[in-house]
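Reviewing the structure listed below.
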Amino acid sequence: MAGDKIPTLHSLEKPEDLKTLIRQDRGDDCLGCRIVGSGAFFGLAAYSYFSGMSQLEKQRALIIQKNTMFGMRSRKFGIATISAGIFWMGLWRAFR
(Lines give C-alpha, C1' and ligand atoms only; values in the text may rest on other atoms or scores of the structure.)
Protein backbone atom coordinates (compact mmCIF):
# COMPACT_ATOMS: atom_id res chain seq x y z
CA MET A 1 0.00 0.00 0.00
CA ALA A 2 2.82 2.39 0.83
CA GLY A 3 4.41 1.88 -2.61
CA ASP A 4 1.20 2.67 -4.50
CA LYS A 5 1.03 6.09 -6.04
CA ILE A 6 -2.01 8.22 -5.40
CA PRO A 7 -4.09 8.78 -8.54
CA THR A 8 -4.90 12.31 -9.62
CA LEU A 9 -8.44 13.64 -9.67
CA HIS A 10 -8.36 13.84 -13.47
CA SER A 11 -7.45 10.13 -13.80
CA LEU A 12 -10.27 9.18 -11.44
CA GLU A 13 -12.87 11.03 -13.54
CA LYS A 14 -12.32 8.98 -16.70
CA PRO A 15 -13.54 5.36 -16.76
CA GLU A 16 -10.92 2.65 -16.71
CA ASP A 17 -10.59 0.04 -19.44
CA LEU A 18 -12.35 -3.16 -18.37
CA LYS A 19 -9.91 -5.47 -20.18
CA THR A 20 -6.97 -3.82 -18.45
CA LEU A 21 -8.62 -4.18 -15.03
CA ILE A 22 -9.40 -7.86 -15.60
CA ARG A 23 -5.84 -8.51 -16.80
CA GLN A 24 -4.42 -6.85 -13.68
CA ASP A 25 -6.80 -8.68 -11.35
CA ARG A 26 -6.36 -12.11 -12.91
CA GLY A 27 -3.04 -13.02 -11.39
CA ASP A 28 -0.70 -15.70 -12.64
CA ASP A 29 -0.91 -19.36 -11.76
CA CYS A 30 2.01 -21.71 -11.76
CA LEU A 31 1.94 -24.72 -14.07
CA GLY A 32 1.39 -27.10 -11.18
CA CYS A 33 -1.67 -25.16 -10.02
CA ARG A 34 -3.16 -25.29 -13.50
CA ILE A 35 -2.52 -29.01 -13.84
CA VAL A 36 -4.02 -29.83 -10.44
CA GLY A 37 -6.98 -27.48 -10.90
CA SER A 38 -7.86 -28.70 -14.38
CA GLY A 39 -7.23 -32.31 -13.36
CA ALA A 40 -9.77 -31.92 -10.57
CA PHE A 41 -12.39 -30.75 -13.07
CA PHE A 42 -11.53 -33.56 -15.50
CA GLY A 43 -11.81 -36.13 -12.72
CA LEU A 44 -15.10 -34.68 -11.53
CA ALA A 45 -16.47 -34.76 -15.09
CA ALA A 46 -15.49 -38.41 -15.51
CA TYR A 47 -16.90 -39.35 -12.11
CA SER A 48 -20.12 -37.48 -12.81
CA TYR A 49 -20.58 -39.20 -16.15
CA PHE A 50 -19.78 -42.77 -15.12
CA SER A 51 -21.55 -42.70 -11.77
CA GLY A 52 -24.57 -40.94 -13.27
CA MET A 53 -24.91 -43.45 -16.07
CA SER A 54 -24.43 -46.31 -13.62
CA GLN A 55 -27.16 -45.03 -11.32
CA LEU A 56 -29.42 -44.46 -14.31
CA GLU A 57 -28.98 -48.05 -15.49
CA LYS A 58 -29.73 -49.33 -11.99
CA GLN A 59 -33.00 -47.35 -11.98
CA ARG A 60 -33.87 -48.17 -15.61
CA ALA A 61 -36.84 -50.45 -14.84
CA LEU A 62 -38.36 -48.00 -12.37
CA ILE A 63 -37.99 -45.06 -14.78
CA ILE A 64 -39.59 -46.96 -17.64
CA GLN A 65 -42.37 -48.24 -15.38
CA LYS A 66 -43.33 -44.73 -14.19
CA ASN A 67 -43.68 -43.54 -17.80
CA THR A 68 -42.81 -39.92 -17.01
CA MET A 69 -42.23 -37.10 -19.47
CA PHE A 70 -38.48 -37.44 -18.96
CA GLY A 71 -37.46 -40.87 -20.18
CA MET A 72 -34.07 -42.50 -20.36
CA ARG A 73 -32.85 -40.53 -23.37
CA SER A 74 -33.40 -37.10 -21.84
CA ARG A 75 -31.86 -38.18 -18.53
CA LYS A 76 -28.78 -39.54 -20.30
CA PHE A 77 -28.54 -36.31 -22.25
CA GLY A 78 -28.72 -34.34 -19.00
CA ILE A 79 -25.92 -36.35 -17.40
CA ALA A 80 -23.76 -36.04 -20.52
CA THR A 81 -24.39 -32.28 -20.67
CA ILE A 82 -23.45 -31.72 -17.04
CA SER A 83 -20.29 -33.79 -17.49
CA ALA A 84 -19.39 -31.91 -20.67
CA GLY A 85 -19.86 -28.60 -18.87
CA ILE A 86 -17.55 -29.65 -16.05
CA PHE A 87 -15.02 -30.92 -18.60
CA TRP A 88 -15.19 -27.56 -20.40
CA MET A 89 -14.45 -25.79 -17.10
CA GLY A 90 -11.37 -27.99 -16.78
CA LEU A 91 -10.20 -26.99 -20.25
CA TRP A 92 -10.85 -23.34 -19.46
CA ARG A 93 -8.90 -23.68 -16.23
CA ALA A 94 -5.98 -25.34 -18.01
CA PHE A 95 -5.57 -22.77 -20.78
CA ARG A 96 -6.76 -19.48 -19.28
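Identifiers in this document derive from the order of the C-alpha coordinates: chains are assigned A, B, ..., residues are numbered from 1 separately in each chain, and ligands are numbered from 1 in order of occurrence.
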
Problem - Spatial neighbours of region 74-84 of chain A, max dist 8 Å, only C-alpha atoms, sep filter under 4 positions, as a PyMOL selection string - result: chain A and resi 44-46+48-49+52-53+56+70+88

Problem - DSSP helix (DSSP H, G or I) selection over region 1-41 of chain A, as an MDAnalysis selection string - result: chainID A and resid 9:13 18:26 31:41

Exercise for the section: Name the residues in contact with region 26-38 of chain A at a cut-off of 8 Å, using only C-alpha atoms, excluding same-chain residues fewer than 2 positions from it; report them as a PyMOL selection string. Expected result: chain A and resi 22-24+40-42+89-94

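Interatomic distance, CA of Asp17 (chain A) against CA of Arg96 (chain A): 19.9 Å.
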
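Rounded to one decimal, CA of Arg73 (chain A) and CA of Gly39 (chain A) lie 28.7 Å from each other.
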